[in-house]
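**Q** Please find target_17.cif (mmCIF, C-alpha atoms and all ligand atoms) on the next line:
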data_upload
loop_
_atom_site.label_atom_id
_atom_site.label_comp_id
_atom_site.auth_asym_id
_atom_site.auth_seq_id
_atom_site.Cartn_x
_atom_site.Cartn_y
_atom_site.Cartn_z
CA MET A 1 36.77 96.01 -54.59
CA ASP A 2 40.13 94.32 -55.31
CA ASP A 3 39.52 91.70 -57.99
CA PRO A 4 35.86 91.42 -58.98
CA LEU A 5 36.28 87.73 -59.61
CA ASP A 6 36.95 87.31 -55.89
CA ILE A 7 33.17 87.29 -55.54
CA ALA A 8 32.86 84.14 -57.58
CA ASN A 9 35.97 82.66 -56.04
CA ASP A 10 34.27 83.08 -52.67
CA LEU A 11 31.33 81.06 -53.95
CA ALA A 12 33.63 78.28 -55.10
CA GLN A 13 35.51 78.37 -51.81
CA ARG A 14 32.28 77.94 -49.87
CA ILE A 15 31.49 74.80 -51.86
CA ARG A 16 34.99 73.46 -51.29
CA TRP A 17 34.68 74.19 -47.57
CA GLU A 18 31.42 72.24 -47.43
CA VAL A 19 33.03 69.31 -49.21
CA GLU A 20 36.15 69.31 -47.06
CA ASN A 21 34.18 69.57 -43.86
CA GLY A 22 31.48 67.10 -44.74
CA VAL A 23 28.77 69.69 -44.18
CA SER A 24 26.71 69.04 -47.24
CA GLY A 25 27.88 65.79 -48.69
CA TYR A 26 28.27 67.71 -51.91
CA GLU A 27 30.05 65.82 -54.64
CA ARG A 28 31.24 67.16 -57.97
CA LYS A 29 29.78 65.03 -60.71
CA LYS A 30 31.10 64.82 -64.22
CA SER A 31 28.88 66.84 -66.55
CA PRO A 32 25.71 66.28 -64.50
CA ALA A 33 23.73 68.82 -66.51
CA ALA A 34 24.75 67.32 -69.81
CA ALA A 35 21.79 64.97 -69.63
CA ALA A 36 24.14 62.03 -69.80
CA ASP A 37 21.22 59.62 -69.84
CA ALA A 38 19.50 61.40 -72.72
CA PRO A 39 19.59 59.39 -75.91
CA ALA A 40 22.18 60.64 -78.36
CA GLU A 41 19.45 61.04 -80.98
CA GLN A 42 17.60 63.43 -78.67
CA THR A 43 20.67 65.64 -78.36
CA ILE A 44 21.15 65.57 -82.13
CA ASP A 45 17.48 66.47 -82.65
CA LYS A 46 17.75 69.42 -80.27
CA LYS A 47 20.96 70.57 -81.89
CA ALA A 48 19.29 70.40 -85.29
CA ALA A 49 16.19 72.19 -84.01
CA LEU A 50 18.32 75.00 -82.58
CA ALA A 51 20.23 75.25 -85.86
CA ALA A 52 16.92 75.46 -87.75
CA LEU A 53 15.73 78.18 -85.41
CA ARG A 54 18.95 80.11 -85.95
CA GLN A 55 18.43 79.77 -89.69
CA GLU A 56 14.86 81.06 -89.32
CA LEU A 57 16.16 84.09 -87.41
CA GLY A 58 18.47 84.73 -90.35
CA ASP A 59 20.07 88.14 -90.85
CA CYS A 60 17.28 89.53 -88.75
CA GLU A 61 15.92 93.06 -89.10
CA ARG A 62 12.69 92.47 -87.18
CA CYS A 63 13.43 95.31 -84.75
CA GLY A 64 15.56 98.43 -84.63
CA LEU A 65 18.40 96.81 -82.72
CA HIS A 66 19.74 95.35 -85.95
CA LYS A 67 20.98 98.80 -86.96
CA GLY A 68 23.72 98.94 -84.35
CA ARG A 69 24.79 95.33 -84.12
CA THR A 70 28.00 93.72 -85.25
CA LYS A 71 26.93 90.11 -84.74
CA ILE A 72 23.72 88.39 -83.70
CA VAL A 73 24.33 86.60 -80.39
CA PHE A 74 21.98 83.65 -80.70
CA GLY A 75 23.08 81.50 -77.77
CA ALA A 76 25.60 78.80 -76.99
CA GLY A 77 25.99 75.63 -75.01
CA ASN A 78 24.60 72.17 -74.54
CA PRO A 79 21.37 71.54 -76.50
CA SER A 80 20.38 68.97 -73.86
CA ALA A 81 21.26 71.16 -70.89
CA ARG A 82 19.27 70.75 -67.71
CA LEU A 83 20.10 74.34 -66.81
CA VAL A 84 19.74 77.41 -69.03
CA PHE A 85 20.84 80.95 -68.18
CA VAL A 86 18.95 83.83 -69.80
CA GLY A 87 20.35 87.35 -69.78
CA GLU A 88 18.73 90.47 -71.19
CA GLY A 89 20.93 91.18 -74.21
CA PRO A 90 24.47 91.21 -75.56
CA GLY A 91 27.05 93.74 -74.39
CA GLN A 92 29.92 95.16 -76.39
CA GLN A 93 32.20 92.13 -76.26
CA GLU A 94 29.32 89.77 -77.01
CA ASP A 95 28.32 91.95 -79.96
CA GLU A 96 31.87 91.74 -81.32
CA SER A 97 32.37 88.02 -80.69
CA GLY A 98 28.85 86.67 -81.28
CA ILE A 99 29.21 84.66 -78.05
CA PRO A 100 26.99 85.25 -75.00
CA PHE A 101 28.51 86.27 -71.67
CA VAL A 102 32.15 86.88 -72.44
CA GLY A 103 34.25 89.55 -70.74
CA ARG A 104 34.25 90.22 -67.02
CA ALA A 105 30.59 89.40 -66.46
CA GLY A 106 31.04 86.22 -68.49
CA GLU A 107 34.07 85.19 -66.47
CA LEU A 108 32.06 85.72 -63.32
CA LEU A 109 29.19 83.65 -64.70
CA ASN A 110 31.66 80.86 -65.50
CA LYS A 111 32.87 80.93 -61.90
CA ILE A 112 29.30 80.81 -60.60
CA ILE A 113 28.58 77.83 -62.87
CA ASN A 114 31.72 76.12 -61.57
CA ALA A 115 30.68 76.87 -58.00
CA ILE A 116 27.54 74.75 -58.35
CA GLY A 117 29.55 71.88 -59.78
CA LEU A 118 29.14 72.41 -63.49
CA ASP A 119 31.20 73.51 -66.45
CA ARG A 120 30.07 76.07 -68.99
CA ASP A 121 29.78 73.29 -71.58
CA ASP A 122 27.11 71.65 -69.42
CA VAL A 123 24.68 74.56 -69.62
CA TYR A 124 23.09 76.68 -72.33
CA ILE A 125 23.35 80.48 -72.26
CA CYS A 126 21.30 82.98 -74.24
CA ASN A 127 19.63 86.38 -74.01
CA VAL A 128 16.11 87.72 -74.46
CA VAL A 129 17.26 89.95 -77.34
CA LYS A 130 19.96 88.78 -79.73
CA CYS A 131 21.37 92.19 -80.75
CA ARG A 132 23.12 94.68 -78.51
CA PRO A 133 20.96 97.55 -77.23
CA PRO A 134 22.78 100.89 -77.64
CA ASN A 135 24.87 101.87 -74.62
CA ASN A 136 23.75 98.65 -72.93
CA ARG A 137 20.34 100.10 -72.13
CA ASP A 138 17.50 97.76 -71.22
CA PRO A 139 15.72 96.30 -74.25
CA LEU A 140 12.49 98.13 -75.09
CA PRO A 141 9.15 96.28 -74.98
CA GLU A 142 8.89 96.32 -78.79
CA GLU A 143 12.36 94.74 -79.00
CA THR A 144 11.65 92.00 -76.47
CA GLY A 145 8.28 91.52 -78.17
CA MET A 146 10.01 90.77 -81.48
CA CYS A 147 13.03 88.83 -80.24
CA GLY A 148 11.79 87.22 -77.04
CA PRO A 149 9.72 84.55 -78.82
CA PHE A 150 12.96 83.17 -80.29
CA MET A 151 14.37 82.79 -76.77
CA LYS A 152 11.15 81.08 -75.69
CA ARG A 153 11.49 78.64 -78.57
CA GLN A 154 15.08 77.95 -77.53
CA LEU A 155 13.72 77.00 -74.10
CA GLU A 156 11.01 74.82 -75.68
CA ILE A 157 13.62 72.95 -77.71
CA ILE A 158 16.12 72.49 -74.90
CA SER A 159 13.39 71.86 -72.32
CA PRO A 160 15.61 72.41 -69.29
CA GLU A 161 14.58 71.60 -65.75
CA VAL A 162 15.83 74.93 -64.43
CA VAL A 163 16.13 78.39 -65.99
CA VAL A 164 18.12 81.12 -64.25
CA CYS A 165 17.10 84.63 -65.33
CA LEU A 166 20.06 86.96 -64.93
CA GLY A 167 18.83 90.43 -64.04
CA ARG A 168 15.54 92.29 -63.94
CA PRO A 169 14.73 92.64 -67.67
CA SER A 170 15.19 88.92 -68.26
CA ALA A 171 13.21 87.94 -65.17
CA GLN A 172 10.38 90.34 -65.95
CA TYR A 173 10.11 89.16 -69.53
CA VAL A 174 10.24 85.44 -68.75
CA LEU A 175 7.78 85.77 -65.87
CA ASP A 176 5.62 88.37 -67.65
CA THR A 177 5.60 90.70 -64.69
CA SER A 178 6.72 94.19 -63.72
CA ARG A 179 7.68 93.21 -60.16
CA PRO A 180 11.21 94.21 -59.09
CA ILE A 181 13.98 91.62 -59.14
CA GLY A 182 14.32 91.86 -55.36
CA LYS A 183 10.79 90.52 -55.01
CA LEU A 184 11.17 87.89 -57.71
CA ARG A 185 14.47 86.29 -56.67
CA GLY A 186 14.89 83.84 -53.81
CA HIS A 187 12.37 81.25 -54.94
CA PHE A 188 11.40 79.26 -58.01
CA HIS A 189 8.58 80.24 -60.34
CA ASP A 190 6.88 77.63 -62.48
CA VAL A 191 6.83 78.46 -66.19
CA ASP A 192 5.55 75.71 -68.47
CA GLY A 193 6.92 73.05 -66.15
CA MET A 194 10.35 74.68 -65.83
CA LYS A 195 11.67 75.96 -62.53
CA VAL A 196 12.63 79.59 -63.09
CA MET A 197 15.00 81.28 -60.65
CA PRO A 198 15.53 85.00 -61.09
CA THR A 199 18.75 86.39 -59.65
CA PHE A 200 21.02 89.37 -60.03
CA HIS A 201 22.99 89.85 -63.24
CA PRO A 202 26.74 89.11 -62.98
CA ALA A 203 27.48 92.67 -64.13
CA TYR A 204 25.47 93.95 -61.16
CA LEU A 205 27.30 91.54 -58.89
CA LEU A 206 30.61 92.98 -60.08
CA ARG A 207 29.50 96.42 -58.91
CA ASN A 208 27.67 95.43 -55.74
CA GLU A 209 29.42 93.33 -53.14
CA SER A 210 26.19 93.10 -51.14
CA ALA A 211 24.56 91.05 -53.92
CA LYS A 212 26.99 88.19 -53.33
CA ARG A 213 25.00 86.51 -50.57
CA PRO A 214 21.58 86.56 -52.30
CA VAL A 215 23.08 85.25 -55.54
CA TRP A 216 24.74 82.44 -53.63
CA GLU A 217 21.46 81.62 -51.87
CA ASP A 218 19.68 81.51 -55.25
CA MET A 219 22.38 79.34 -56.81
CA LYS A 220 22.32 76.90 -53.89
CA MET A 221 18.63 76.36 -54.60
CA VAL A 222 19.44 75.77 -58.26
CA ARG A 223 22.19 73.35 -57.30
CA ASP A 224 19.83 71.42 -55.04
CA ALA A 225 16.98 71.40 -57.56
CA LEU A 226 19.31 69.74 -60.05
CA GLY A 227 20.45 67.20 -57.47
CA LEU A 228 24.00 68.37 -57.67
CA ARG A 229 24.38 67.92 -53.95
CA GLU A 230 24.18 64.43 -52.55
CA ARG A 231 21.93 64.17 -49.53
CA GLY A 232 22.16 62.04 -46.43
CA PRO A 233 25.12 61.13 -44.22
CA ARG A 234 28.53 60.70 -45.76
S1 LIG B 1 17.16 91.94 -81.47
FE1 LIG B 1 16.24 90.08 -82.27
S2 LIG B 1 14.42 90.75 -83.38
FE2 LIG B 1 15.74 92.55 -83.12
S3 LIG B 1 16.97 92.61 -84.98
FE3 LIG B 1 18.15 91.48 -83.44
S4 LIG B 1 17.66 89.32 -83.82
FE4 LIG B 1 16.10 90.56 -84.85
#
Have the structure of the file written as structure tokens, please.
**A**
Amino acid sequence: MDDPLDIANDLAQRIRWEVENGVSGYERKKSPAAAADAPAEQTIDKKAALAALRQELGDCERCGLHKGRTKIVFGAGNPSARLVFVGEGPGQQEDESGIPFVGRAGELLNKIINAIGLDRDDVYICNVVKCRPPNNRDPLPEETGMCGPFMKRQLEIISPEVVVCLGRPSAQYVLDTSRPIGKLRGHFHDVDGMKVMPTFHPAYLLRNESAKRPVWEDMKMVRDALGLRERGPR
């Protein structure tokens, strides 16, 4: 593959093509997932609640992953986001920076977010476990069992309309299932009133060109569920 980010650029180009050709009536809105109509107090409350949750997590040693971490990667983004992305756990660059989804997979996620008409600041991004698993292995059940409830409380506080689970471990944990990602993706699952869309992890997308189409199909459904595409004749 030439430049891995070509995958995401393709997604953005498809959107632009639809706009330029009047196929979808799609229109880029300014910060549509920033819950612009939400009262400012609500955003402040959510921000404070997330800060309190981070404080409760503290310098956590609840599971063995604390031994190898550099920084806890709690999560980042808009406390009033309508869309939350949940990955499985931090990688090396996230562990060093304390910021979720940086590096090549993070750049690709940013492009995917842009492709559905949003900026990274519009959404919230976190992981099921907050410390890096060694050698980027999948988190173990005892680790997700300890850390996952903090992610669930992040979702409760933010209360997004849509959650995108990036990759199998995230999808299986959020949906409490052992079904493969290929069977889970492609449609929404209802979890406590939130629409949950499992899809492939950006790191997988970087390695597998064939995953481009299914990810785009999933993200189009997310885009439509959030009303980011205007309907009707132009
Ligand atoms: S992964 Fe979560 S539960 Fe485990 S040590 Fe890190 S913050 Fe604590």
**Q** Could you pull out the residues sitting within 10 Å of ligand LIG 1 (chain B), using only C-alpha atoms and all ligand atoms, and write them as a PyMOL selection string?
**A** chain A and resi 54+57-69+71-74+89-90+127-133+139+142-151
**Q** Give the answer as one residue: which of A:Leu140, A:Val84, A:Val174, A:Ile112 has the shortest atom-to-atom distance to Met219 (chain A), using only C-alpha atoms?
**A**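 The answer is A:Ile112, which sits nearest to Met219 (chain A).
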**Q** Considering all atoms listed in the file, can you say which of A:Phe200, A:Phe188, A:Trp216, A:Tyr124 comes closest to Leu175 (chain A)?
**A**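 Ranking A:Phe200, A:Phe188, A:Trp216, A:Tyr124 by distance to Leu175 (chain A), first place goes to A:Phe188.
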**Q** How would you write as an mmCIF file with C-alpha atoms, in the coordinates of the input the residues that get within 12 Å of (5.2, 77.0, -69.7) in the file's frame, counting all atoms listed in the file?
**A**
data_model
loop_
_atom_site.group_PDB
_atom_site.id
_atom_site.type_symbol
_atom_site.label_atom_id
_atom_site.label_comp_id
_atom_site.auth_asym_id
_atom_site.auth_seq_id
_atom_site.Cartn_x
_atom_site.Cartn_y
_atom_site.Cartn_z
ATOM 1 C CA LYS A 152 11.150 81.080 -75.690
ATOM 2 C CA ARG A 153 11.490 78.640 -78.570
ATOM 3 C CA LEU A 155 13.720 77.000 -74.100
ATOM 4 C CA GLU A 156 11.010 74.820 -75.680
ATOM 5 C CA SER A 159 13.390 71.860 -72.320
ATOM 6 C CA PRO A 160 15.610 72.410 -69.290
ATOM 7 C CA GLU A 161 14.580 71.600 -65.750
ATOM 8 C CA VAL A 163 16.130 78.390 -65.990
ATOM 9 C CA VAL A 174 10.240 85.440 -68.750
ATOM 10 C CA LEU A 175 7.780 85.770 -65.870
ATOM 11 C CA ASP A 176 5.620 88.370 -67.650
ATOM 12 C CA HIS A 189 8.580 80.240 -60.340
ATOM 13 C CA ASP A 190 6.880 77.630 -62.480
ATOM 14 C CA VAL A 191 6.830 78.460 -66.190
ATOM 15 C CA ASP A 192 5.550 75.710 -68.470
ATOM 16 C CA GLY A 193 6.920 73.050 -66.150
ATOM 17 C CA MET A 194 10.350 74.680 -65.830
ATOM 18 C CA LYS A 195 11.670 75.960 -62.530
ATOM 19 C CA VAL A 196 12.630 79.590 -63.090
#
**Q** What is the CA of Leu50 (chain A) to CA of Leu228 (chain A) distance in Å?
**A** 26.4 Å
**Q** So the first atom is CA of Val215 (chain A) and the second is CA of Ile113 (chain A); what is the distance between them in Å, to one decimal place?
**A**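 Between these atoms lies a distance of 11.8 Å.
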**Q** Point out the residue among A:Leu53, A:Ile158, A:Ala203, A:Val123 with the least atom-to-atom distance to Asn78 (chain A), counting only C-alpha atoms.
**A**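 Closest candidate: A:Val123.
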**Q** Ranking A:Gly75, A:Tyr204, A:Ser210, A:Ser80 by minimum distance to Ser97 (chain A) and counting only C-alpha atoms, which one comes first?
**A**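 Smallest distance to Ser97 (chain A) is found for A:Gly75.
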**Q** Counting all atoms listed in the file, which of A:Glu88, A:Leu184, A:Lys220, A:Gly227 gets nearest to Pro169 (chain A)?
**A** A:Glu88
**Q** Find, counting all atoms listed in the file, the residue in A:Ile125, A:Ala76, A:Arg137, A:Ile157 that gets nearest to Leu109 (chain A).
**A**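 The shortest atom-to-atom distance to Leu109 (chain A) comes from A:Ile125.
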**Q** How would region 40-105 of chain A look written as a PDB file, in the first residue's frame with C-alpha atoms?
**A**
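Contents of selection.pdb, freshly written:
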ATOM      1  CA  ALA A  40     -23.737  25.448  28.593  1.00  0.00           C
ATOM      2  CA  GLU A  41     -24.363  24.300  32.172  1.00  0.00           C
ATOM      3  CA  GLN A  42     -24.931  20.753  30.923  1.00  0.00           C
ATOM      4  CA  THR A  43     -21.559  20.737  29.182  1.00  0.00           C
ATOM      5  CA  ILE A  44     -19.895  22.125  32.302  1.00  0.00           C
ATOM      6  CA  ASP A  45     -21.605  19.463  34.433  1.00  0.00           C
ATOM      7  CA  LYS A  46     -20.418  16.686  32.138  1.00  0.00           C
ATOM      8  CA  LYS A  47     -16.916  18.096  32.066  1.00  0.00           C
ATOM      9  CA  ALA A  48     -16.901  18.229  35.856  1.00  0.00           C
ATOM     10  CA  ALA A  49     -18.315  14.707  36.115  1.00  0.00           C
ATOM     11  CA  LEU A  50     -15.606  13.371  33.802  1.00  0.00           C
ATOM     12  CA  ALA A  51     -12.961  15.197  35.821  1.00  0.00           C
ATOM     13  CA  ALA A  52     -14.358  13.664  39.020  1.00  0.00           C
ATOM     14  CA  LEU A  53     -14.290  10.227  37.435  1.00  0.00           C
ATOM     15  CA  ARG A  54     -10.677  10.750  36.378  1.00  0.00           C
ATOM     16  CA  GLN A  55      -9.876  11.758  39.945  1.00  0.00           C
ATOM     17  CA  GLU A  56     -11.596   8.615  41.234  1.00  0.00           C
ATOM     18  CA  LEU A  57      -9.480   6.496  38.881  1.00  0.00           C
ATOM     19  CA  GLY A  58      -6.431   8.155  40.401  1.00  0.00           C
ATOM     20  CA  ASP A  59      -2.990   6.598  40.039  1.00  0.00           C
ATOM     21  CA  CYS A  60      -4.752   3.333  39.431  1.00  0.00           C
ATOM     22  CA  GLU A  61      -3.291  -0.062  40.296  1.00  0.00           C
ATOM     23  CA  ARG A  62      -6.547  -2.003  40.090  1.00  0.00           C
ATOM     24  CA  CYS A  63      -5.136  -4.442  37.530  1.00  0.00           C
ATOM     25  CA  GLY A  64      -1.741  -5.647  36.377  1.00  0.00           C
ATOM     26  CA  LEU A  65      -1.565  -3.307  33.404  1.00  0.00           C
ATOM     27  CA  HIS A  66      -0.404  -0.510  35.686  1.00  0.00           C
ATOM     28  CA  LYS A  67       3.015  -2.158  35.930  1.00  0.00           C
ATOM     29  CA  GLY A  68       3.995  -1.423  32.346  1.00  0.00           C
ATOM     30  CA  ARG A  69       2.321   1.897  31.729  1.00  0.00           C
ATOM     31  CA  THR A  70       3.877   5.296  31.283  1.00  0.00           C
ATOM     32  CA  LYS A  71       0.657   7.312  31.406  1.00  0.00           C
ATOM     33  CA  ILE A  72      -2.991   6.500  32.001  1.00  0.00           C
ATOM     34  CA  VAL A  73      -4.940   7.292  28.825  1.00  0.00           C
ATOM     35  CA  PHE A  74      -8.300   8.306  30.253  1.00  0.00           C
ATOM     36  CA  GLY A  75     -10.007   9.767  27.192  1.00  0.00           C
ATOM     37  CA  ALA A  76     -10.318  13.072  25.396  1.00  0.00           C
ATOM     38  CA  GLY A  77     -12.808  15.177  23.529  1.00  0.00           C
ATOM     39  CA  ASN A  78     -16.132  16.912  23.835  1.00  0.00           C
ATOM     40  CA  PRO A  79     -18.002  16.082  27.080  1.00  0.00           C
ATOM     41  CA  SER A  80     -21.282  16.742  25.248  1.00  0.00           C
ATOM     42  CA  ALA A  81     -20.375  14.738  22.162  1.00  0.00           C
ATOM     43  CA  ARG A  82     -23.154  13.014  20.267  1.00  0.00           C
ATOM     44  CA  LEU A  83     -20.623  10.485  19.006  1.00  0.00           C
ATOM     45  CA  VAL A  84     -18.089   8.534  21.076  1.00  0.00           C
ATOM     46  CA  PHE A  85     -15.390   6.211  19.735  1.00  0.00           C
ATOM     47  CA  VAL A  86     -14.236   3.368  21.976  1.00  0.00           C
ATOM     48  CA  GLY A  87     -11.043   1.463  21.238  1.00  0.00           C
ATOM     49  CA  GLU A  88      -9.625  -1.477  23.162  1.00  0.00           C
ATOM     50  CA  GLY A  89      -6.577   0.088  24.810  1.00  0.00           C
ATOM     51  CA  PRO A  90      -3.668   2.484  24.373  1.00  0.00           C
ATOM     52  CA  GLY A  91      -0.741   1.695  22.090  1.00  0.00           C
ATOM     53  CA  GLN A  92       2.846   2.814  22.512  1.00  0.00           C
ATOM     54  CA  GLN A  93       2.388   6.418  21.408  1.00  0.00           C
ATOM     55  CA  GLU A  94      -0.787   6.782  23.455  1.00  0.00           C
ATOM     56  CA  ASP A  95       1.022   5.363  26.486  1.00  0.00           C
ATOM     57  CA  GLU A  96       3.777   7.944  26.060  1.00  0.00           C
ATOM     58  CA  SER A  97       1.509  10.914  25.355  1.00  0.00           C
ATOM     59  CA  GLY A  98      -1.520  10.096  27.528  1.00  0.00           C
ATOM     60  CA  ILE A  99      -3.743  10.947  24.542  1.00  0.00           C
ATOM     61  CA  PRO A 100      -5.981   8.357  22.851  1.00  0.00           C
ATOM     62  CA  PHE A 101      -5.535   7.512  19.174  1.00  0.00           C
ATOM     63  CA  VAL A 102      -2.396   9.351  18.166  1.00  0.00           C
ATOM     64  CA  GLY A 103       0.106   8.036  15.627  1.00  0.00           C
ATOM     65  CA  ARG A 104      -0.839   6.480  12.308  1.00  0.00           C
ATOM     66  CA  ALA A 105      -4.042   4.840  13.519  1.00  0.00           C
TER      67      ALA A 105
END
